[in-house]
Every structure is written in structure tokens, then in C-alpha cells.
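First comes the structure, then the notes that go with it.
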Amino acid sequence: MIHSLFLINSSGDIFLEKHWKSVVSRSVCDYFFEAQERATEAENVPPVIPTPHHYLLSVYRHKIFFVAVIQTEVPPLFVIEFLHRVVDTFQDYFGVCSEPVIKDNVVVVYEVLEEMLDNGFPLATESNILKELIKPPTILRTVVNTITGSTNVGDQLPTGQLSVVPWRRTGVKYTNNEAYFDVIEEIDAIIDKSGSTITAEIQGVIDACVKLTGMPDLTLSFMNPRLLDDVSFHPCVRFKRWESERILSFIPPDGNFRLLSYHVSAQNLVAIPVYVKHSISFRDSSSLGRFEITVGPKQTMGKTIEGVIVTSQMPKGVLNMSLTPSQGTHTFDPVTKMLSWDVGKINPQKLPSLKGTMSLQAGASKPDENPTINLQFKIQQLAISGLKVNRLDMYGEKYKPFKGIKYMTKAGKFQVRT
Amino acid sequence: MSSNSFAYNEQSGGGEATELGQEATSTISPSGAFGLFSSDLKKNEDLKQMLESNKDSAKLDAMKRIVGMIAKGKNASELFPAVVKNVASKNIEIKKLVYVYLVRYAEEQQDLALLSISTFQRALKDPNQLIRASALRVLSSIRVPIIVPIMMLAIKEASADLSPYVRKNAAHAIQKLYSLDPEQKEMLIEVIEKLLKDKSTLVAGSVVMAFEEVCPDRIDLIHKNYRKLCNLLVDVEEWGQVVIIHMLTRYARTQFVSPWKEDDGLEDNEKNFYESDDEQKEKTDHKKKPYTMDPDHRLLIRNTKPLLQSRNAAVVMAVAQLYWHISPKSEVGIISKSLVRLLRSNREVQYIVLQNIATMSIQRKGMFEPYLKSFYVRSTDPTMIKTLKLEILTNLANEANISTLLREFQTYVKSQDKQFAAATIQTIGRCATNISEVTDTCLNGLVCLLSNRDEIVVAESVVVIKKLLQMQPVQHGEIIKHMAKLLDSITVPVARASILWLIGENCERVPKIAPDVLRKMAKSFTSEDDLVKLQILNLGAKLYLTNSKQTKLLTQYILNLGKYDQNYDIRDRTRFIRQLIVPNEKSGALSKYAKKIFLAQKPAPLLESPFKDRDHFQLGTLSHTLNTKATGYLELSNWPEVAPDPSVRNVEVIELAKEWTPAGKAKKENSAKKFYSESEEEEDSSDSSSDSESESESASGEQEEEGDSSEDSSEDTSSEHRSDSESASEVGDKRTAKKNSKSKGKSYSEDGEKENEKSKTSDSSSTDSSSEEESSSDSESVSESESEPESRKVAKENEKKKTKQDRNPLTKDVSLLDLDDFNPVSTPVALPTPALSPSLIADLEGLNLSTCSSVISVSTPVFVPVKTHVLLHRMSGRGLAAHYFFPRQPCIFGDKMVSVQITLNNTTDQKIENIHIGEKKLPMGMQMHVFNPIESLEPEGSITVSMGIDFCDSTQTASFQLCTKDDCFSVNIQPPVGELLLPVAMSEKDFKKEQGMLTGMNETSTVIIAAPQNFTPSVILQKVVNVANVGVVPSGQDNIHRFAAKTVHSGSLMLVTVELKEGSTAQLIINTERTVIGSVLLRELKPVLSQG
């Protein structure tokens, strides 16, 4: 399936190549560079590029293109999903996935890639198994390795691969047994000029960090499971149990993982926790425009809104902006025309605002569209859909684990059209 | 070869690519490569030294640097001799890195690579499965043609390895060997065939992948494994799932008839073909409704559904395309939600998913209409995503939502991304043509856009308006005038050309403006774009024909300009037009028709989606994404007109039925085994709890019975397999009964020898057949026989599930295995935890389904009568009514017991409390397993419980007291003789052999007289199985029907033969050791068979 993999940085250098079958010359990437040139921005590079003898499937993450070369028909999502899994694995291994990090750890990267695919077909993609095979580098281990001459390659054999729960390694031991679950909901919304909601939906995930000894078997139940309209699970979750009882029953992987992602049914009205008042006006025949935005809370269930960041892509005609925020800091990049205002917390008594003028290109006609405002924010201890975890139980092990559940609401793709 | 590639490497440093010569435009300039190479030379010297040192750390360092070189694409091939020496290093990391190196360069250094082979050959015999697997992996990755025979041998051996992990690697190696030497195909297919039979989930994905690569056309290899693959699917790793689903989609399209007929309202001829199809079926199969979906078809659709919830986008997409291509149209809808969910993912995933949605939404708007808003465009989306969303929005537009959509489009038109704005205008044009109600609105809107400041927007609008006006030959003089004015300002050639064309076409409608436009154009002719020049010529010609008075000179002027144009196309056109329109002596006959030629009614262009007709490519494939056939794309065949013989799956299925029925049981058996053996002391408590548990199971089992509706039935994961396999076996069995059950007989015959000696069959026969399965180890077969009782219990449970009549209100979904979960305290033994959780068991089972093989020759009942018997009438029971019936399944409480199900009804208006069984008055030897006391039964409530009674193979009555809190009622159960049997599967040959040994005293017979219509095979079958729980023995003769069973208590064989004679008579013969039961059964059967 996957013939070769090339890693290409944003300046167009191939800095890593790996082949699982016969070697494919890196000149095949020329077709990719062509496409890259044609697309103005990196994210407009088509994910699938046909060449006379190969097909190039690529994903773009962390400013790196991961280009897979394939020769025959294969479901494109198969390759794309796999490439994303590769990136996730690197991130898991090295904390960040960037060009210098990959270059520094090229041996580990190579070993990992070798295990992930055999003859182009995925072999071990569970990070638990991989970590048993090849230990991720840590500073401590590097030091120890240089002194003792031991290696990163696990000397035990990866029993996990043969196990019935391939996602969990055996013989896990912790002195403090803890299981934390983060319910994180994101609001995707488009708000129109007048402040009315065009579309809004809630997407949620439950991320878990489970550090439990042995083979615990957990069940997690919700107070209001009906809210969850569409769900997708980590493979550890027993689907039938969910179907029949709406209970999440699973043997967790060790460490961090995404237990569940869900979509809150569309029937429920979405409470929009913020509003944006804006008045942005360009005038014909004037080189100055007025700009004013105010952000305020709305339907927050008494919680504070934090981490508010307002960004907006200003029209090309805007040369510069002179603005004064009532709180927080703002920047405007005259090259990319990107305005960004880091607001911080919203104090309902004193609403944050950003006021000022824009200087426009002289002589140019006024832009026909006002810029869209993108909003980021966080609300702690609140799941905006109202989802609540009822209880978490553990079977199969005798110790008492420490359990914790945290709720958070965030802005997803939250846009205000002006 | 090696020197050749070596030379190449020196030059490009990037590796050899002889077959890719066309693509290889070397990225590194020769001089640069040379410089690199020379520096490498020095570096390599010290690397060589390091590799030859005897310190591991130096070697490791060297290897790490070499791998770094490989990763960067630098040539390290000359180090081969130094590296290959270390292949047998004790240090694992060095070894691994050497492997990496070896796989990369072996192809170029074939001779030297051979040095390493013996190391791998040795490792292939290693006791550790992981080492064996990794040796096979590397060995097969070394692309050296000389070792093909060694690889072939290794693959063959590994495919028979005990470890599924090694077998998985063998499946991968198949593909590698095939690409190295396609001549091995035939041999490899044999290995694939063998591995396809493998029951491990680890192997399934990989072997199907190998199948797809090596012999995708050998669909016949799939038949026998089809049901197994369907059932294993959920437990296969995600990548394997994708491959298997794609393969099964193709399979289904060749093996089943189209389920799409009702929904589609197909034409008559096609209806006819269905009918004829049905007729055909009726010949072979006696009861078939007009169109019923093949149960195997249904099985596939049902088993893939949970995978829509996968976190892996590729799996979700694979299931979606499966539904799209093979499920009935009415069921496709469920995939839309999951596909929309994928839109939250990365842009690449979005891109592919949106493409597929676009194709789907053309054919079936309804599917995605509820999710309209999910396709609204955000300003942050990349352009390709935006355009795809737009495409989908257009496809979804209809009368109801068009106004909302148009408002949304208005925002898009103003977008700063002009490419996107232009696409939006195209979209508006398409909406306008598709939905006639809004055509005018759209047109007006587009006209407004003509005054937009952005040229691209205006130009696009002009082009779209042109198309719209062309489609609507109504008067739109105003718009044309407006556009004519635009000619002064607009510069985009396409737009100018469009306007000119429009004016030319409608020159009679704007008689005043047209000549003026021509005048202006004549002035600027020389500076126009070629496209515009052509249209000016056209306009001139048209005006010359309609309004020659005003424009004759102008046109001639333009024609003269055109004559000397630089572009030959324009010169050509000029000459052509001149000859055609300007009358002169040489002009031919055509000039008479000039007007007709130029001003003919032109067909309006069709504004179509680029995704139309893309669905002739299988969705979710690369070919679909590219809209061209990719290399290696396998066409999805059309539905066959007549379904190929479904029994090809059957044949094996009967074996499967044998294997599978126990499979379901065996899994539980496994669990039960562990469960019981390790915590014997709680036997009691678990027994009692299994009682209640079986009730709940029965509820879900009952849903199963109801057929298709049961897909959604809520069962625990652990019960899922069992129920699936059960239904599979059920189907298999029915078929067996009806036809074509040779293989059943065959497979049974292996066990037959033993049965000769003893009539007690099932228990001992297991070892024999299970030895065929490589994967079932000795220990397993031993434990099988030990756990026989348990397995029986479980089997009984299955039976209950099937036959239970009353729906149990409390669907507590607990399976046997869950017990541990709920009483964690009661398992003091520190179990290896996997035993505890139901899903693990399911997983276990998935990993190794072969444990069961054909343990039990007891087959599932052919038929389960629904007739109930009164145990306690409500009048005599003071409102408590009780009925009992025989579900005809092995009893879970003991293998000598007959399972009985009792349904209790409360007909009073008060609660009845504490229903239990009181004093038992049982004849000698008879035993009874009672149900757990029922705490209370609500008014109008009903509850079903199961018991086991060992009747000692007699029809004696079991009397006992049924007590409530206040009263005690004496009740009896007298079993019909037919219920004291368990059906047995055997071949005709064995039947005859057994019959030969049971003659004389052991044989009873009688003659039956009845009307001939009662002697059709189906009627006889139905009558016999109605009376007695017997299995059908396939018969070679039409006039002899044979049935086999064994008694529950003693396991004695009971052979029933109905031999049709001439003159509406038949002989009924029963051979059995238990002559008493035999004669009773004879007495019971006789009247039934002779009845009309």
C-alpha cells in the first residue's frame, strides 16, 4: 500500500525519507513541489496528487508535509488517517513534532516507522505497543544510555501486540492510582452581522489520563446520555454495552487517550456564551476607517469567560491600525493583515473593548466585505451542553483509585460575520 | 545488475530507480552529488572502522549515523559488507538497525545480502513467536530473487505456525514475495486459501490484503469464509477492517441480487426478472417470499453497522461506501450522520469525505438535507474545502431551503477569497437553472453583481448570466443593455466575449445597441484578446445578416482587420465568414443558408455538477477522488441478475454451522470454564445468578428471532458473537434441512467411526475433528471435554433465547461473563484479569475461534414448536397462570436435562409474591433444577423462567408444587416423547451404518397410509420435526427421509426413517436401543403423518 514516505518542510526540503518496498526516487516529489507552487498557501495543496506512475497523498501538520507515495488503488482515507496517526505518534514520543526534533531523533523515528508499517500495511499503530518496542527518548534516559550504553530499543518483546487488548500494555504499576477525565466541549458557530446565530453546534470529547495498576475495568455513566447524538469511541469501549445501557465500559489504555468524541444532538438549542458588538466602517474616498469591537458575556451560567482572543483577517486595503484596547494587548501585522487581540478574562462589569482607526490605502476602493471576527475563549467547569458524568466505577482491581472529572467549554470554530 | 545500480547511485545519491527513469529528474546536481560523495567517502572510512571494532557502543553509534544517512537519502551502500557482518549481533538495537539497513540495500548488493540469510533461517525456528515473526519479516523484505524458494518455504511454514502473529506476518510476506516474483502466484494462492480459513482476528486483515493484491478475482476463495469474516469484522484491527470491508463490498455485488428494487420503482422488465428469479428459487427452495434479502447479505450489513462509530475515518468511510453500494436504499440514511461527524477532522480527511458526500448528495439529496448547515462555509476553511462545501450546498438546494441558501451565498460572494466568490457565482447560476422558482431572483442578484468592484466577480457573473439567458429565451432586453454598457469598463476577456456573443445572439432584440457596440469594437479590435476578436467577428457576421444596411461597412472593415491578424485561427475564421456571408459570384450554395447557420437556435448549456456520474467509481476509493481509474482499481460489478448459488457459502457453512454453533458456545465455554474452574466454591451463587441472567438473555434472544429488526438489538459485546454465529448456524441448518447438505454429512463422517462403537456420540468426537485446526492446542481440546457440561448449559441458554415467547420486561443486559464484574468481591483468586471482562472474552474469542471446532455433533433444532402446555390454569391457581414449553436446546443446568421454559402470568389485580417451587415428587432417578424464587410479580405482569428436568428418558410425569407466598399448587410436567431428544447431524452413510447395528429388537416399524400430498418432502419434514426434536439426515433417495436424534439422558441414538412406498403408503421405521421410547415415538408419529 504505502510505498514510501517523504517529510518535507515548508521551504521545500526533503529532510527524511523512508521506503517500505523498493526505493522510489525522491524526484517523485517534484510533482508535489509543482502543486505546492500552484497553491498559494500550504493548506491549499491538494491532499491527493496523481503523477504518471505514482500517487502522492499528503497531510500537512506542524508545518511539515508528510507525503506518502503509493502505486496502486487504495482508499485515500486509509493513507491519510495513517499519516495522521504517524504524526500523533511522533507527538506522543517527542512532545512536539517539528523538523528539528525529528532530525534529532532520526533513529527513533526510523525505528518507529519500521514498526508501524510492514510492506506498506500498518502493523503496529497503537502507541502503547510502540512504546514497548521502542522507548521514547527522555533526557534522563539519554543520560543513562550514554553512561551505561543501554539502548532505546525495548529488550522485552512486545507482548501487547499479541494481547487481546492491544491498546494496553501488561504489567502496569503505579504507586498512586489515578484516573482523570476531561469533558471538553467546543462550540462551532457562525453568528451573522445582526448577532443572530446562523449555525451553532456542540462537539465534545472526553480525554482521559488513566494511570492505574494492573488491568482495571472501568465503567463511566452519564446523568443525561441522551444528549449524545453521535459518538465515536476509542476501540477499548464496548460498543454493545453503550448501545444497550448507554454506559461506557472499557479497559483503558495506559496514559493519555481520547475515550470518546461526541456530537450533541441538533435539537438542543446551543447557548452562545459571548456576544460581540462591532462597528467597522470603511468610507469611500477617505483613507481612514473606524473600528470598534466590544466583547461581552451572555448565557454563561454564572461562570467567567477566560482566555478570550479575538482575531480577524483585515482586508488587503488596510495599511495600518491604531487601536486602544480597554484591556489586554493587541497586535496588527501589516504584512499578513492579521489583527489579534488577546483579551484575557471578561469582566461583566467592565466590558473589554477595542477602539480606533484604520488607515487605508489611498485611492483604493473600499473593501466590499467587512472582516470576519474569529473568537477563542474558555469557560472552566462548565459543559455547555449540560452533559454530566454520573459515576465512574472500577472493577477487576482491588485498590481504590483517585478519580477526577473536569469540565471545560471552549470555542471551536467560532466566527462572527460583520 | 548490482554494478548497474551502483553506478546510478553514485550519480544521484538518492537511490536507484530504473523503472522510474521517466520521473527521475535528478534533484541533486551532478557536481553537488560528487562533492557529497567524496565527503561520504572519508566519513565512511571511520564508520567502517567503528563497525569493525568490538565495542557495541561504537557499532551502535556507527549504525545510528548510517541510519541517519539513509533517512536523509544519502548513499550508504558501500558500507554493506561492514554492516552485514553485524546481522547476528547480540545487541537488539544494533540488530534492528542492521535490519533497517539490510532491507534498504539488499536489492543493490544481492550477493552480499545472501550472507545474512542463514541468520534469518535460524531465527525462523526460534521458540519465541516474536523472533520468528520478525525474522520472517526481514527475510521477506530482502528483495533478492535468488532466495525466492527460501521465502516460499518460510511462508509455507509460517502459515502453519501456531502463533497467529507469525501467521499474520506470513500473510504480509505473501505480498512481498508476489511483487518479487509473480510466477509464484499459484503457490501463494494456496497459502492464501489456507490463511483465509484462519480464525484469528490478527490474521484476517492481512490475509485479505494479500488476497486483494495477489488474486482479487478469485472470489471463490471467499465463499467459505464469508460468514466468518463478517462475524470477525468487529474485532479485527482497524486497518484490516478497511480492507475487508472493501473486499466484501465487491463480493456482495457479485453474489447477491439487488436489494434496490422496491425503492427504485424499477421498470417492468426488471420486475419480471425478479419474478423469474424468484421462480427459480422456488424450485430449489420451497418457501421464499417475492424478494427476501439473502441472510448473508443482511449479515454483512448488520455487522458493519457498529463500525460507523469507529474513531478511524477510513473505517467509517469504508462502512459508508458499503452501505451506499450494497444496502437497501432505505437504510443508507444512517451513514450521513457519521460522515458529517468526520467533517470535524483534519482538512485532508474533510477533503476526501466532502468529495464523497458530493457524489452521494447528487443522487440522494434527502440523506444530507438535515445537515445542511454543517456545510456552511467558514472564512477560515481552505479554498478546496470551501468549493467542495459549495458543491454540496448546490446539490442540496431545493425549493424549501433555497432562500436561506441564497442569503448564505450572498455572504460568500463578498468573500475576500475571490476564487471562492467566483465559484459561488457559478453555484448561484446552477441553483437558478435547477430551481425555476428562483431563476428570476438569481438573475436579478447576478445583475446586481455586475456593478461589483471586483473584476473577477463581474466577469464570472457575466458568464453565468449569459448561460442563464441562453436557457431562457424570454425577453431580457434590459439586462442585455446593461451588459452592453459594461463593455466599456470590463476587461476580462471571457466576460467581454460573453457579452458580445449575447448581443450577437439577441441582436434583433436590441436593434439600436448592437450596431453601436460593433462600432466600438471595431475601433478596439486590434488590441482585443483572441477570444474577444472571434466574438467580434461573430457579432459582425450576425449583424451583417440581420441589419446589413447599418453594419455592412463596419463588418467589412472588421473582416479586413481579421484577414491580417497574427493569429491563424482568426484569419481562418475571417476567411470563412467572408465567404459565407458576403455574396459574390464564387459563393456556393451555403451562403443562402448563412442566416440559418449563424442564428440557429443553440442548445442551452447544461450546468452540471462535476461530481455527476462520479459514482461509477466505488466511493471512498482513490479512483473516485481523482475521477480517473487508478492503477489496480477493481471495478464494482453490477448486481447479478440471478443470484449465484448461495449454497457455495453454505457448503462450508454447514461445517461452519458445526464449527460456529459451538464457536458461540465455546466462547462462553471458555469463559465459563475459567470462571467455574477457578472459583468452584461459588458455583451455587453463580448458578442462581445465571438464572436471572438467562432470562435477560432470552429477551434479547427473542428479538433475534424476530429477524431483521433485531439488528439493533441491544446486547452486550460478549453476546454479540454468539448470537451472530447462532443465527448463522440457524440459517445453515435450515438449508441443511432443505437441500444440499452433503458436506455436513462429510464432516460428520469423520466422527462416524467412533459412533459405531458407542452410540453415545458427541462428547468423544471432538478431539478428532479439532485436530484439523492447527490452532487448537492440546490443552484446549482437553479442556473442551472437561467443560462439556458448561458448554451444554450455555447451549441451552442459546436455545432459550431463540424460543422464548414472552418479552421479559427487565432487559437487564448482563451476560454470564459479566457476573464477575458485578461481584468483584466474590473472586478472591487473583485471576489473570482478562478472564474478567466480557469484552476480553469476546476479544479472546475473536483471536481464537478454533477452540471449538466441531465438538458437538448435536445440531441446532430444525424447528421449534411454539406450542405451550398449561401447567397451572389461572382458575385453579387463584389468578396465577403458568404455561410451559420446550425450547429444544441443550439445557444449561446439566447435560442430561431437558430444558423447560415456564411463563408465569399474574391475572389478578394484586402483586403475587415469592413464587417458588416447593416440594418435588419425582420418580426414581429423575432430577430437576428449579428456577430462582421470584420475589414479586406485578398485576398483569408475566415472567419467563427456565428449569431443567432430567426425565431419565422416560415419559413419566414430574410432579412438584408451585408455591406463592400464600398458596401451594401441585402441578405436573409430562414431556412428549419428542422432547426427550436432541437432534444429531450425521451423514447418510453413518445413518445406514448405525441403522444396521440397531436391527431386530431395536427396530420398530409401522405402515402409514395417507394422501399423496402429505408425502411431499417438506410436509413430512415439517410433521416429523413438529412432533420430535430430531435432526435431518441428507438423503440420496427422494423416497426415503431420515432423521436422527439422541436421547437427552443416555445419549442413545434414535433413528427415524420414513420410506415412501407406492400407493400412498409409507413405512415408518424407528431404530433405537431405547425401545420403549422408540415405540412411544412411533405411536405418536403415526397419526400425525397419516393425518391430512
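The chains in the C-alpha cells are called A, B, ... from first to last as shown; in each chain the residues are counted from 1, and the ligands are counted from 1 in the order shown.
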I'd like the contact shell of Gly12 (chain A) - 12 Å cut-off, only C-alpha atoms, skipping same-chain residues fewer than 5 positions apart - returned as a PDB file with C-alpha atoms, in the first residue's frame.
ATOM      1  CA  PHE A   6       8.852  11.778   2.481  1.00  0.00           C
ATOM      2  CA  LEU A   7       8.901  14.533   5.045  1.00  0.00           C
ATOM      3  CA  CYS A  29       8.375  14.853  -5.042  1.00  0.00           C
ATOM      4  CA  ASP A  30       8.863  17.305  -7.892  1.00  0.00           C
ATOM      5  CA  TYR A  31       5.238  16.826  -8.722  1.00  0.00           C
ATOM      6  CA  PHE A  32       4.420  17.739  -5.203  1.00  0.00           C
ATOM      7  CA  PHE A  33       6.524  20.877  -5.370  1.00  0.00           C
ATOM      8  CA  GLU A  34       4.746  21.856  -8.543  1.00  0.00           C
ATOM      9  CA  ALA A  35       1.401  21.535  -6.847  1.00  0.00           C
ATOM     10  CA  GLN A  36       2.735  23.404  -3.870  1.00  0.00           C
ATOM     11  CA  GLU A  37       3.752  26.262  -6.076  1.00  0.00           C
ATOM     12  CA  ALA A  42       0.299  25.471   2.215  1.00  0.00           C
ATOM     13  CA  LYS A  63       4.388  22.991   9.134  1.00  0.00           C
ATOM     14  CA  ILE A  64       5.588  19.680   7.744  1.00  0.00           C
ATOM     15  CA  PHE A  65       4.220  17.874   4.740  1.00  0.00           C
ATOM     16  CA  PHE A  66       4.046  14.139   5.184  1.00  0.00           C
ATOM     17  CA  VAL A  67       3.948  12.801   1.663  1.00  0.00           C
TER      18      VAL A  67
ATOM     19  CA  THR B  27      17.166  16.792  -7.802  1.00  0.00           C
TER      20      THR B  27
END
With a distance cut-off of 10 Å and only C-alpha atoms, select the neighbouring residues of Val274 (chain A), excluding the residue or stretch itself and same-chain residues fewer than 4 positions from it, and output the selection as a VMD selection string.
chain A and resid 295 to 300 305 308 346 375 377 411
Output file for the selection above: C-alpha atoms, as an mmCIF file, in the first residue's frame:
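And here is the file that came out, part33.cif:
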data_model
loop_
_atom_site.group_PDB
_atom_site.id
_atom_site.type_symbol
_atom_site.label_atom_id
_atom_site.label_comp_id
_atom_site.auth_asym_id
_atom_site.auth_seq_id
_atom_site.Cartn_x
_atom_site.Cartn_y
_atom_site.Cartn_z
ATOM 1 C CA VAL A 295 -16.973 41.564 23.732
ATOM 2 C CA GLY A 296 -19.467 40.660 26.395
ATOM 3 C CA PRO A 297 -20.793 37.600 28.220
ATOM 4 C CA LYS A 298 -24.176 36.063 27.566
ATOM 5 C CA GLN A 299 -25.651 32.789 28.875
ATOM 6 C CA THR A 300 -22.564 31.787 30.812
ATOM 7 C CA ILE A 305 -15.119 33.574 30.384
ATOM 8 C CA VAL A 308 -10.568 35.330 25.122
ATOM 9 C CA ILE A 346 -14.131 39.169 30.608
ATOM 10 C CA LEU A 375 -13.192 34.214 18.639
ATOM 11 C CA PHE A 377 -12.475 31.549 24.677
ATOM 12 C CA ALA A 411 -14.775 27.983 21.320
#
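Straight-line separation from CA of Gly918 (chain B) to CA of Pro865 (chain B): 28.7 Å.
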Selection: 10 Å around Thr424 (chain B), only C-alpha atoms, excl. self and same-chain fewer than 3 positions, as number ranges by chain
B: 386-387, 390-391, 394, 406, 409-415, 418-421, 427-430, 457, 460-461
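The smallest atom-to-atom distance between Gly302 (chain A) and any of A:Ser281, A:Gln327, A:Gln381, A:Ser340, using only C-alpha atoms, is found for A:Gln381.
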